[in-house]
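**Student:** Here's a structure for you.
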Amino acid sequence: MREYISAEIRNVAVVGHGASGKTTLVDALAFVSGASKRHGAVRDGTALTDFAPEEIERKFSINLGCACAEWMDAKINLIDAPGYLDFYGDALAALAAADGALVVVSATAGVEVGTEKMFRQAVARKDPVLFVVSMLDKDNASFDRAYQSIKTRLTSKVIPVEIPVGEGSAFHAIINLFSRKAHLYRKGTKAGEYDEVDVPTENQAQFDRYYQELIESIAATDDSMLERYLEGQEITRDEAIAAMKEGMKRGDLFPLFCVSGELTYGTRALLTKIVELMPSAYDMEELHAFTGAVGDHTVEIHARDDQPFSAVVFKTMTEPHVGDVSFFRTFSGLVTNGQEVYNATRNIAEKLGHLSVSQGKDRTEVPRLHAGDIGCVAKLKNTHTNDTLSTRDYPVRLPDIRLPEPLVTFAVHAAARGDEEKVQQGLHRLHDEDPTFGTHYDPETHETLVTGMGERHLEVSLAKLKRKFGVTAELTKPRIAYRETIKARGEGQGRHKKQTGGRGQFGDCWVRMVPLPRGEGYVFEDQIVGGAIPSKFVPAVDKGIQEAAARGVLAGHPMVDFKVECFDGSYHSVDSNEMSFKMAGILAFRAVASKCRPVLLEPHEEVEVRTPDDFLGDVMGDISSRRGQILGSQPSSDGSGTVVRAVVPRAEMHLYATHLNSLTHGYATFTTRFRGYEEVPAEAAQRIVAESAKPEELVEA
């Protein structure tokens, strides 16, 4: 592969819903261009960018994959993004590394929730977008139905540039509206070869209708062109292409193409249009980066070779026997093989040994990369996703890729005793590879927790854990960090006396317990007068009460929000000591707390759900069924539906993401934040207390 400068590079993210044909299309584009030597297939486990064992087994993309095509003296970097929402983080990273998006829509399913989310993200980033209707060779395929679903659900500014001849098993040609010719594909073609023929008579009316729509849409983007069109003057192909490219930049036009990646039909024309319509890396507007690691002011970053080097790591993959492989997009400057660079995010130097470009799982070492290109390098010491690489002389920190917050939480346990440390190490390595996968230890429940975008995300992560690090782990429902408190005042005595021969133990205290407002915690007051307990022993009473309160009196959970007044007691001049008064404090707590109407508290989450209005009733009903309290609702700021605010017990939120996804077909989203602790209803409290009395293995079961 020759070197390409910025003006010759196109960076394109291939996005859309799962199973819409993205991976097959990327494989076909690379193969037809000659950059890849084999035309693979997802069903056979040979697709170019789905090479991880987890992807081959499940037959869908889990990680973003990088490939490239060489066409018309340009290099097209193709970033194949996962389509299922469990792997949404990698899809967003793909968009961040690209300058435009190829939104793939299945001819059988039309626009789906993943398509919609990725299109909205691309538009929000102001990226130019090409639509592609794929899988036109499949049963029940319909170009017109897919086109109308784009037009009604995504944008009215979509405009077909190609239309198919035949659908399903009858699909055999594509009419190009620009050239006004039909591409008749040769039977058995392996690389999309076709014969250019006149538009078939039976398709002339369809061609005329779509051609008129195309020219009118393009002319409407430019006043002088519109005037010429209204006067009946012809608009040439080159003029139309230039006007469409400008319209795409402004978000005024979204051209639509049609392909069959499996048969390679339409791939050659699509490669040509990507080169002609998508912006080069050099064309993109400047970025604003923070200077240095602290970032006290900003500088402009331009995709020019004569600028200082800067790049962002947008993906990290861990490979057995290789280690971490970092994929980065250069935004300015040249970078050479073996060059030392500076990671301003972590304030360390790194050496880019074996600088490479990726073609699926294969990597080809290159001497250097120009501004705007995409490359990868293995074995960096301490560089991770979202880190900026630059130079020590001109250190900068580029904006982070905004990744989604995790939606599901599970407890994780080593399947085999003694593997706990290996599990912990593997989980942290998985987080480095995938920042949307998180792990932390909860000191209250004494569990290691993992978080992710969905159940499938965590299941795949544990499969990676076993394959890459040789350790098996299991997921369980996480324990809830309940707490206890009191609702009434009470007082009583704690008396510890022990005589075993020789010096004994004696401690005696009287305490009063008083409930405090929620969130006040624990307060201890020394109200001893007259030396009933020597002042040096009073802190021991406090310590004993705190130790006992950590285990509660109902279900073994910490007691909070109460005040203890130590107001009387007695001591022995010989047998009293700190340990004796600590035991007295423990006994006093046990004696008094049970008389103060102890109750259980549970954590509550403030939940904000954004849902289309079609599902509003179902969403609100589901929240109520989870013991949730609706705080209110209002139209969303973008007009896409309604925002519902509610407070829901954390115990009722386990797998809420999965249920909400099913309830709304993936269209609703939600966020949560900790609200505070509230009293558990009596019936639920009885169940929790009863479960706490069971042996631990029965509770887990």
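Quick note on naming: the chains in the structure tokens go A, B, ... in the order shown, residues restart at 1 in each chain, and ligands are numbered from 1 in order of appearance.
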Can I get the residues of range 451-508 of chain A within 12 Å of range 410-425 of chain A, each with the closest pair of atoms and their distance in Å to one decimal, using only C-alpha atoms, sorted chain first then ascending number, as JSON lines?

**Tutor:**
```
{"residue": "A:Thr451", "atom": "CA", "partner": "A:Phe410", "partner_atom": "CA", "distance": 6.6}
{"residue": "A:Gly452", "atom": "CA", "partner": "A:Phe410", "partner_atom": "CA", "distance": 8.9}
{"residue": "A:Met453", "atom": "CA", "partner": "A:Phe410", "partner_atom": "CA", "distance": 11.5}
{"residue": "A:Gly454", "atom": "CA", "partner": "A:Phe410", "partner_atom": "CA", "distance": 10.3}
{"residue": "A:Glu455", "atom": "CA", "partner": "A:Phe410", "partner_atom": "CA", "distance": 9.0}
{"residue": "A:His457", "atom": "CA", "partner": "A:Phe410", "partner_atom": "CA", "distance": 11.6}
{"residue": "A:Leu458", "atom": "CA", "partner": "A:Phe410", "partner_atom": "CA", "distance": 8.6}
{"residue": "A:Glu459", "atom": "CA", "partner": "A:Phe410", "partner_atom": "CA", "distance": 10.6}
{"residue": "A:Ser461", "atom": "CA", "partner": "A:Val412", "partner_atom": "CA", "distance": 11.6}
{"residue": "A:Leu462", "atom": "CA", "partner": "A:Val412", "partner_atom": "CA", "distance": 9.5}
{"residue": "A:Lys464", "atom": "CA", "partner": "A:Val423", "partner_atom": "CA", "distance": 11.6}
{"residue": "A:Leu465", "atom": "CA", "partner": "A:Val423", "partner_atom": "CA", "distance": 7.9}
{"residue": "A:Lys466", "atom": "CA", "partner": "A:Val423", "partner_atom": "CA", "distance": 9.3}
{"residue": "A:Lys468", "atom": "CA", "partner": "A:Val423", "partner_atom": "CA", "distance": 11.3}
{"residue": "A:Phe469", "atom": "CA", "partner": "A:Lys422", "partner_atom": "CA", "distance": 7.8}
{"residue": "A:Gly470", "atom": "CA", "partner": "A:Lys422", "partner_atom": "CA", "distance": 8.6}
{"residue": "A:Val471", "atom": "CA", "partner": "A:Val423", "partner_atom": "CA", "distance": 6.4}
{"residue": "A:Thr472", "atom": "CA", "partner": "A:Ala415", "partner_atom": "CA", "distance": 5.6}
{"residue": "A:Ala473", "atom": "CA", "partner": "A:Ala414", "partner_atom": "CA", "distance": 4.4}
{"residue": "A:Glu474", "atom": "CA", "partner": "A:His413", "partner_atom": "CA", "distance": 5.3}
{"residue": "A:Leu475", "atom": "CA", "partner": "A:Val412", "partner_atom": "CA", "distance": 4.7}
{"residue": "A:Thr476", "atom": "CA", "partner": "A:Ala411", "partner_atom": "CA", "distance": 5.2}
{"residue": "A:Lys477", "atom": "CA", "partner": "A:Phe410", "partner_atom": "CA", "distance": 5.5}
{"residue": "A:Pro478", "atom": "CA", "partner": "A:Ala411", "partner_atom": "CA", "distance": 4.7}
{"residue": "A:Arg479", "atom": "CA", "partner": "A:Ala411", "partner_atom": "CA", "distance": 7.8}
{"residue": "A:Ile480", "atom": "CA", "partner": "A:Ala411", "partner_atom": "CA", "distance": 10.7}
```

**Student:** How would the residues just chosen look if you wrote them out with C-alpha atoms as a PDB file, in the first residue's frame?

**Tutor:**
```
ATOM      1  CA  THR A 451     -21.272  -2.682  34.952  1.00  0.00           C
ATOM      2  CA  GLY A 452     -22.071  -2.544  31.259  1.00  0.00           C
ATOM      3  CA  MET A 453     -24.515  -1.566  28.539  1.00  0.00           C
ATOM      4  CA  GLY A 454     -26.649  -4.703  28.794  1.00  0.00           C
ATOM      5  CA  GLU A 455     -26.760  -8.375  29.746  1.00  0.00           C
ATOM      6  CA  HIS A 457     -22.460  -6.964  26.851  1.00  0.00           C
ATOM      7  CA  LEU A 458     -21.502  -8.529  30.208  1.00  0.00           C
ATOM      8  CA  GLU A 459     -21.976 -12.076  28.943  1.00  0.00           C
ATOM      9  CA  SER A 461     -17.135  -9.688  28.429  1.00  0.00           C
ATOM     10  CA  LEU A 462     -16.965 -12.811  30.591  1.00  0.00           C
ATOM     11  CA  LYS A 464     -13.436 -12.658  26.663  1.00  0.00           C
ATOM     12  CA  LEU A 465     -12.231 -13.028  30.256  1.00  0.00           C
ATOM     13  CA  LYS A 466     -12.127 -16.806  29.873  1.00  0.00           C
ATOM     14  CA  LYS A 468      -7.912 -14.058  26.992  1.00  0.00           C
ATOM     15  CA  PHE A 469      -7.012 -14.558  30.641  1.00  0.00           C
ATOM     16  CA  GLY A 470      -7.892 -18.207  31.214  1.00  0.00           C
ATOM     17  CA  VAL A 471     -10.253 -17.659  34.122  1.00  0.00           C
ATOM     18  CA  THR A 472     -13.976 -18.318  34.487  1.00  0.00           C
ATOM     19  CA  ALA A 473     -16.320 -16.026  36.410  1.00  0.00           C
ATOM     20  CA  GLU A 474     -20.040 -16.076  37.148  1.00  0.00           C
ATOM     21  CA  LEU A 475     -22.610 -13.292  37.371  1.00  0.00           C
ATOM     22  CA  THR A 476     -25.185 -12.994  40.144  1.00  0.00           C
ATOM     23  CA  LYS A 477     -27.735 -10.410  41.195  1.00  0.00           C
ATOM     24  CA  PRO A 478     -25.910  -7.819  43.339  1.00  0.00           C
ATOM     25  CA  ARG A 479     -26.806  -7.464  46.984  1.00  0.00           C
ATOM     26  CA  ILE A 480     -28.539  -4.277  48.044  1.00  0.00           C
TER      27      ILE A 480
END
```

**Student:** Please provide the set of residues having any atom within 9 Å of range 82-99 of chain A, restricted to only C-alpha atoms, with same-chain residues fewer than 3 positions apart removed, written as a PyMOL selection string.

**Tutor:** chain A and resi 10-20+22-23+60-65+77-79+113-115+118+121-122+125+127-128+278-281+284+312-315+328-330+374+401-404+434-436+452-458+666

**Student:** Applying 9 Å and only C-alpha atoms, which residues near range 308-310 of chain A remain after dropping the ones on its own chain fewer than 2 positions away? List them as a PyMOL selection string.

**Tutor:** chain A and resi 301+304-306+312+329-335+341+371+388-391+393-398

**Student:** Residues of the last selection are to be written out with N, CA and C atoms, as a JSON list (two decimals), in the first residue's frame.

**Tutor:**
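Output below, filename out-v5.json:
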```json
[["chain", "number", "residue", "atom", "x", "y", "z"],
["A", 301, "ILE", "N", -6.28, 22.70, 15.75],
["A", 301, "ILE", "CA", -5.59, 21.56, 15.16],
["A", 301, "ILE", "C", -6.06, 21.41, 13.71],
["A", 304, "ARG", "N", -2.79, 18.88, 8.66],
["A", 304, "ARG", "CA", -1.69, 19.20, 7.75],
["A", 304, "ARG", "C", -0.42, 18.53, 8.25],
["A", 305, "ASP", "N", 0.41, 18.08, 7.31],
["A", 305, "ASP", "CA", 1.65, 17.40, 7.69],
["A", 305, "ASP", "C", 2.64, 18.33, 8.37],
["A", 306, "ASP", "N", 2.57, 19.63, 8.06],
["A", 306, "ASP", "CA", 3.55, 20.56, 8.64],
["A", 306, "ASP", "C", 3.16, 21.02, 10.05],
["A", 312, "VAL", "N", -5.68, 10.75, 18.61],
["A", 312, "VAL", "CA", -6.50, 10.23, 19.70],
["A", 312, "VAL", "C", -6.61, 8.72, 19.56],
["A", 329, "ARG", "N", -6.45, 7.76, 15.56],
["A", 329, "ARG", "CA", -6.69, 8.64, 14.41],
["A", 329, "ARG", "C", -5.77, 9.83, 14.54],
["A", 330, "THR", "N", -4.94, 10.06, 13.54],
["A", 330, "THR", "CA", -4.08, 11.24, 13.56],
["A", 330, "THR", "C", -4.91, 12.44, 13.11],
["A", 331, "PHE", "N", -4.75, 13.54, 13.81],
["A", 331, "PHE", "CA", -5.47, 14.76, 13.45],
["A", 331, "PHE", "C", -4.55, 15.83, 12.88],
["A", 332, "SER", "N", -3.27, 15.72, 13.14],
["A", 332, "SER", "CA", -2.32, 16.67, 12.55],
["A", 332, "SER", "C", -0.94, 16.06, 12.58],
["A", 333, "GLY", "N", -0.12, 16.50, 11.63],
["A", 333, "GLY", "CA", 1.29, 16.12, 11.63],
["A", 333, "GLY", "C", 1.57, 14.73, 11.11],
["A", 334, "LEU", "N", 2.83, 14.51, 10.75],
["A", 334, "LEU", "CA", 3.33, 13.21, 10.33],
["A", 334, "LEU", "C", 3.75, 12.40, 11.56],
["A", 335, "VAL", "N", 3.62, 11.09, 11.49],
["A", 335, "VAL", "CA", 4.16, 10.23, 12.53],
["A", 335, "VAL", "C", 4.92, 9.10, 11.84],
["A", 341, "VAL", "N", 6.58, 9.58, 21.15],
["A", 341, "VAL", "CA", 5.51, 10.57, 21.27],
["A", 341, "VAL", "C", 5.22, 10.79, 22.75],
["A", 371, "ALA", "N", -1.17, 13.16, 8.19],
["A", 371, "ALA", "CA", -2.26, 13.77, 8.97],
["A", 371, "ALA", "C", -3.60, 13.28, 8.44],
["A", 388, "THR", "N", -4.71, 11.19, 24.38],
["A", 388, "THR", "CA", -4.16, 11.96, 23.26],
["A", 388, "THR", "C", -2.66, 11.74, 23.18],
["A", 389, "LEU", "N", -2.19, 11.44, 21.98],
["A", 389, "LEU", "CA", -0.76, 11.35, 21.70],
["A", 389, "LEU", "C", -0.34, 12.60, 20.95],
["A", 390, "SER", "N", 0.76, 13.20, 21.37],
["A", 390, "SER", "CA", 1.26, 14.40, 20.69],
["A", 390, "SER", "C", 2.78, 14.39, 20.80],
["A", 391, "THR", "N", 3.40, 15.56, 20.90],
["A", 391, "THR", "CA", 4.85, 15.63, 21.08],
["A", 391, "THR", "C", 5.14, 16.39, 22.36],
["A", 393, "ASP", "N", 7.31, 18.66, 22.75],
["A", 393, "ASP", "CA", 7.51, 20.09, 22.46],
["A", 393, "ASP", "C", 6.19, 20.83, 22.31],
["A", 394, "TYR", "N", 5.18, 20.13, 21.75],
["A", 394, "TYR", "CA", 3.86, 20.75, 21.56],
["A", 394, "TYR", "C", 2.79, 19.81, 22.13],
["A", 395, "PRO", "N", 2.72, 19.70, 23.44],
["A", 395, "PRO", "CA", 1.75, 18.78, 24.04],
["A", 395, "PRO", "C", 0.33, 19.33, 23.96],
["A", 396, "VAL", "N", -0.60, 18.49, 23.52],
["A", 396, "VAL", "CA", -2.01, 18.89, 23.47],
["A", 396, "VAL", "C", -2.87, 17.72, 23.97],
["A", 397, "ARG", "N", -4.09, 18.06, 24.33],
["A", 397, "ARG", "CA", -5.06, 17.05, 24.76],
["A", 397, "ARG", "C", -6.35, 17.30, 24.00],
["A", 398, "LEU", "N", -6.68, 16.38, 23.09],
["A", 398, "LEU", "CA", -7.88, 16.52, 22.26],
["A", 398, "LEU", "C", -9.13, 16.14, 23.05]]
```

**Student:** Which residues in range 451-672 of chain A does DSSP call strand (DSSP E or B)? List them as a ChimeraX atom specification.

**Tutor:** /A:451-452,473-476,483-486,490-498,505-515,522-526,559,562-570,598-611,629-635,642-649,669-672

**Student:** Would you put the residues from that selection into a file with C-alpha atoms, as a CSV table (one decimal), in the first residue's frame?

**Tutor:**
```
chain,number,residue,atom,x,y,z
A,451,THR,CA,-21.3,-2.7,35.0
A,452,GLY,CA,-22.1,-2.5,31.3
A,473,ALA,CA,-16.3,-16.0,36.4
A,474,GLU,CA,-20.0,-16.1,37.1
A,475,LEU,CA,-22.6,-13.3,37.4
A,476,THR,CA,-25.2,-13.0,40.1
A,483,ARG,CA,-29.4,0.2,56.2
A,484,GLU,CA,-31.3,0.3,59.5
A,485,THR,CA,-32.4,3.2,61.7
A,486,ILE,CA,-34.7,3.8,64.6
A,490,GLY,CA,-35.2,4.5,74.2
A,491,GLU,CA,-32.7,4.0,77.0
A,492,GLY,CA,-31.1,1.2,78.8
A,493,GLN,CA,-28.1,-0.4,80.4
A,494,GLY,CA,-25.1,-2.3,79.1
A,495,ARG,CA,-23.3,-4.1,81.8
A,496,HIS,CA,-20.3,-6.3,81.2
A,497,LYS,CA,-18.8,-8.3,84.1
A,498,LYS,CA,-16.4,-11.2,83.9
A,505,GLN,CA,-13.5,-7.2,83.6
A,506,PHE,CA,-16.1,-4.7,84.5
A,507,GLY,CA,-17.9,-2.0,82.5
A,508,ASP,CA,-21.3,-0.5,83.0
A,509,CYS,CA,-23.0,2.3,81.0
A,510,TRP,CA,-26.5,3.7,80.6
A,511,VAL,CA,-27.3,5.1,77.2
A,512,ARG,CA,-30.2,6.9,75.5
A,513,MET,CA,-30.8,6.5,71.7
A,514,VAL,CA,-32.6,9.2,69.8
A,515,PRO,CA,-33.6,9.1,66.1
A,522,TYR,CA,-24.3,9.0,63.8
A,523,VAL,CA,-23.8,11.3,66.8
A,524,PHE,CA,-22.4,10.4,70.2
A,525,GLU,CA,-22.7,12.7,73.3
A,526,ASP,CA,-20.9,12.3,76.6
A,559,MET,CA,-27.6,1.4,61.6
A,562,PHE,CA,-29.3,8.2,65.4
A,563,LYS,CA,-27.8,9.9,68.4
A,564,VAL,CA,-26.5,8.2,71.5
A,565,GLU,CA,-26.3,10.0,74.8
A,566,CYS,CA,-24.2,8.2,77.5
A,567,PHE,CA,-25.6,9.6,80.7
A,568,ASP,CA,-24.7,7.2,83.5
A,569,GLY,CA,-22.7,4.2,84.5
A,570,SER,CA,-20.3,2.7,87.0
A,598,PRO,CA,-35.9,-0.2,64.3
A,599,VAL,CA,-36.8,-0.2,60.6
A,600,LEU,CA,-35.0,-1.0,57.4
A,601,LEU,CA,-33.9,1.6,54.9
A,602,GLU,CA,-33.3,1.0,51.2
A,603,PRO,CA,-31.4,3.1,48.6
A,604,HIS,CA,-33.6,4.9,46.1
A,605,GLU,CA,-32.6,6.1,42.6
A,606,GLU,CA,-33.9,9.2,40.8
A,607,VAL,CA,-34.7,7.9,37.4
A,608,GLU,CA,-35.2,9.9,34.2
A,609,VAL,CA,-36.7,8.1,31.3
A,610,ARG,CA,-36.9,9.5,27.8
A,611,THR,CA,-39.6,7.7,25.8
A,629,GLN,CA,-43.1,7.3,42.7
A,630,ILE,CA,-43.7,9.4,39.6
A,631,LEU,CA,-42.4,13.0,40.2
A,632,GLY,CA,-43.6,14.4,36.9
A,633,SER,CA,-43.3,14.4,33.2
A,634,GLN,CA,-42.6,17.0,30.4
A,635,PRO,CA,-42.0,17.0,26.7
A,642,THR,CA,-41.6,12.7,26.9
A,643,VAL,CA,-39.2,12.8,29.9
A,644,VAL,CA,-40.6,11.0,32.9
A,645,ARG,CA,-39.0,11.6,36.3
A,646,ALA,CA,-39.5,9.1,39.1
A,647,VAL,CA,-37.9,7.8,42.3
A,648,VAL,CA,-37.6,4.0,42.4
A,649,PRO,CA,-36.0,1.6,45.0
A,669,THR,CA,-33.4,5.6,27.3
A,670,PHE,CA,-32.8,6.4,30.9
A,671,THR,CA,-30.4,7.7,33.4
A,672,THR,CA,-30.2,7.3,37.2
```

**Student:** Sorted by chain and rising residue number, list the residues of range 35-135 of chain A at most 12 Å from range 182-191 of chain A (counting only C-alpha atoms), each with its closest atom pair and distance in Å to one decimal, as CSV.

**Tutor:**
```
residue,atom,partner,partner_atom,distance
A:Ala35,CA,A:Ala191,CA,11.9
A:Ser36,CA,A:Ala191,CA,11.3
A:Lys37,CA,A:Ala191,CA,11.0
A:Arg38,CA,A:Lys190,CA,10.1
A:His39,CA,A:Lys190,CA,8.2
A:Gly40,CA,A:Lys190,CA,11.3
```

**Student:** Using only C-alpha atoms, pick whichever of A:Glu520, A:Asp618, A:Glu319, A:Glu262 has the shortest atom-to-atom distance to Ser134 in chain A.

**Tutor:**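 Going through A:Glu520, A:Asp618, A:Glu319, A:Glu262 one by one, the smallest distance to Ser134 in chain A is for A:Glu262.
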
**Student:** Taking only range 41-235 of chain A into account, list the residues labelled helix (DSSP H, G or I) by DSSP (computed from the backbone), as a PyMOL selection string.

**Tutor:** chain A and resi 53-58+85-97+113-124+143-153+168-170+201-219+223-230

**Student:** With C-alpha atoms retained, could you export that selection as a tab-separated table (two decimals), in the first residue's frame?

**Tutor:**
```tsv
chain	number	residue	atom	x	y	z
A	53	PRO	CA	-13.91	-15.80	18.43
A	54	GLU	CA	-16.90	-14.24	20.22
A	55	GLU	CA	-17.99	-12.57	16.95
A	56	ILE	CA	-17.50	-15.71	14.87
A	57	GLU	CA	-19.52	-17.79	17.34
A	58	ARG	CA	-22.39	-15.30	17.67
A	85	LEU	CA	-26.94	-1.24	21.59
A	86	ASP	CA	-25.02	-3.40	24.08
A	87	PHE	CA	-21.90	-2.31	22.17
A	88	TYR	CA	-22.97	1.29	21.61
A	89	GLY	CA	-19.69	2.64	23.02
A	90	ASP	CA	-17.66	1.20	20.14
A	91	ALA	CA	-20.16	2.63	17.64
A	92	LEU	CA	-19.68	6.11	19.10
A	93	ALA	CA	-15.90	5.65	19.00
A	94	ALA	CA	-16.19	4.73	15.30
A	95	LEU	CA	-18.01	7.99	14.57
A	96	ALA	CA	-15.43	9.97	16.56
A	97	ALA	CA	-12.59	8.54	14.46
A	113	VAL	CA	-33.67	1.68	16.59
A	114	GLY	CA	-29.90	1.28	16.11
A	115	THR	CA	-30.13	2.99	12.73
A	116	GLU	CA	-32.01	5.89	14.26
A	117	LYS	CA	-29.61	6.35	17.17
A	118	MET	CA	-26.50	6.34	14.99
A	119	PHE	CA	-28.02	8.69	12.40
A	120	ARG	CA	-28.94	11.15	15.16
A	121	GLN	CA	-25.40	10.95	16.54
A	122	ALA	CA	-23.86	11.59	13.11
A	123	VAL	CA	-26.14	14.58	12.52
A	124	ALA	CA	-25.34	15.95	15.99
A	143	PHE	CA	-36.20	-0.58	-1.77
A	144	ASP	CA	-39.25	1.68	-1.77
A	145	ARG	CA	-40.31	0.56	1.72
A	146	ALA	CA	-36.80	1.14	3.09
A	147	TYR	CA	-36.64	4.55	1.38
A	148	GLN	CA	-39.98	5.62	2.84
A	149	SER	CA	-38.97	4.48	6.33
A	150	ILE	CA	-35.84	6.66	6.10
A	151	LYS	CA	-37.91	9.56	4.83
A	152	THR	CA	-40.57	9.33	7.56
A	153	ARG	CA	-38.45	8.27	10.56
A	168	GLY	CA	-35.00	-10.43	-3.79
A	169	SER	CA	-33.88	-13.24	-6.08
A	170	ALA	CA	-34.81	-11.06	-9.09
A	201	THR	CA	-38.29	0.31	-20.78
A	202	GLU	CA	-40.26	-1.20	-17.92
A	203	ASN	CA	-38.28	0.96	-15.46
A	204	GLN	CA	-38.41	4.22	-17.43
A	205	ALA	CA	-41.34	5.71	-15.51
A	206	GLN	CA	-39.71	4.88	-12.18
A	207	PHE	CA	-36.43	6.38	-13.40
A	208	ASP	CA	-38.13	9.58	-14.60
A	209	ARG	CA	-39.85	10.06	-11.23
A	210	TYR	CA	-36.71	9.56	-9.16
A	211	TYR	CA	-34.49	11.55	-11.57
A	212	GLN	CA	-36.84	14.54	-11.36
A	213	GLU	CA	-36.77	14.30	-7.56
A	214	LEU	CA	-32.96	14.12	-7.53
A	215	ILE	CA	-32.35	17.12	-9.79
A	216	GLU	CA	-34.97	19.26	-8.02
A	217	SER	CA	-33.44	18.46	-4.62
A	218	ILE	CA	-29.92	19.29	-5.80
A	219	ALA	CA	-31.00	22.49	-7.59
A	223	ASP	CA	-30.00	29.66	-6.01
A	224	SER	CA	-28.17	30.06	-9.31
A	225	MET	CA	-28.56	26.35	-10.11
A	226	LEU	CA	-32.24	26.51	-9.23
A	227	GLU	CA	-32.68	29.45	-11.57
A	228	ARG	CA	-31.00	27.54	-14.41
A	229	TYR	CA	-33.11	24.48	-13.72
A	230	LEU	CA	-36.35	26.50	-13.82
```

**Student:** Smallest atom-to-atom distance to Ile528 in chain A: which of A:Ala7, A:Leu554, A:Val541, A:Val592, using only C-alpha atoms?

**Tutor:**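 Once distances to Ile528 in chain A are computed over only C-alpha atoms, the minimum belongs to A:Val541.
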
**Student:** So that I can see what lies close to Gln339 in chain A, please list as a PyMOL selection string the residues with an atom at most 10 Å from it, counting only C-alpha atoms and leaving out residues fewer than 6 positions away in the same chain.

**Tutor:** chain A and resi 350-355+368+391

**Student:** Using only C-alpha atoms, pick whichever of A:Asp542, A:Asp137, A:Asp44, A:Asp238 has the shortest atom-to-atom distance to Pro164 in chain A.

**Tutor:**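 Of A:Asp542, A:Asp137, A:Asp44, A:Asp238, the one nearest Pro164 in chain A, counting only C-alpha atoms, is A:Asp137.
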
**Student:** CA of Ala52 in chain A and CA of Glu112 in chain A are how many Å apart?

**Tutor:**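 The value is 25.4 Å.
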
**Student:** Measuring between only C-alpha atoms, which one of A:Tyr194, A:Phe131, A:Tyr282, A:Tyr656 shows the shortest distance to Leu256 in chain A?

**Tutor:** A:Phe131
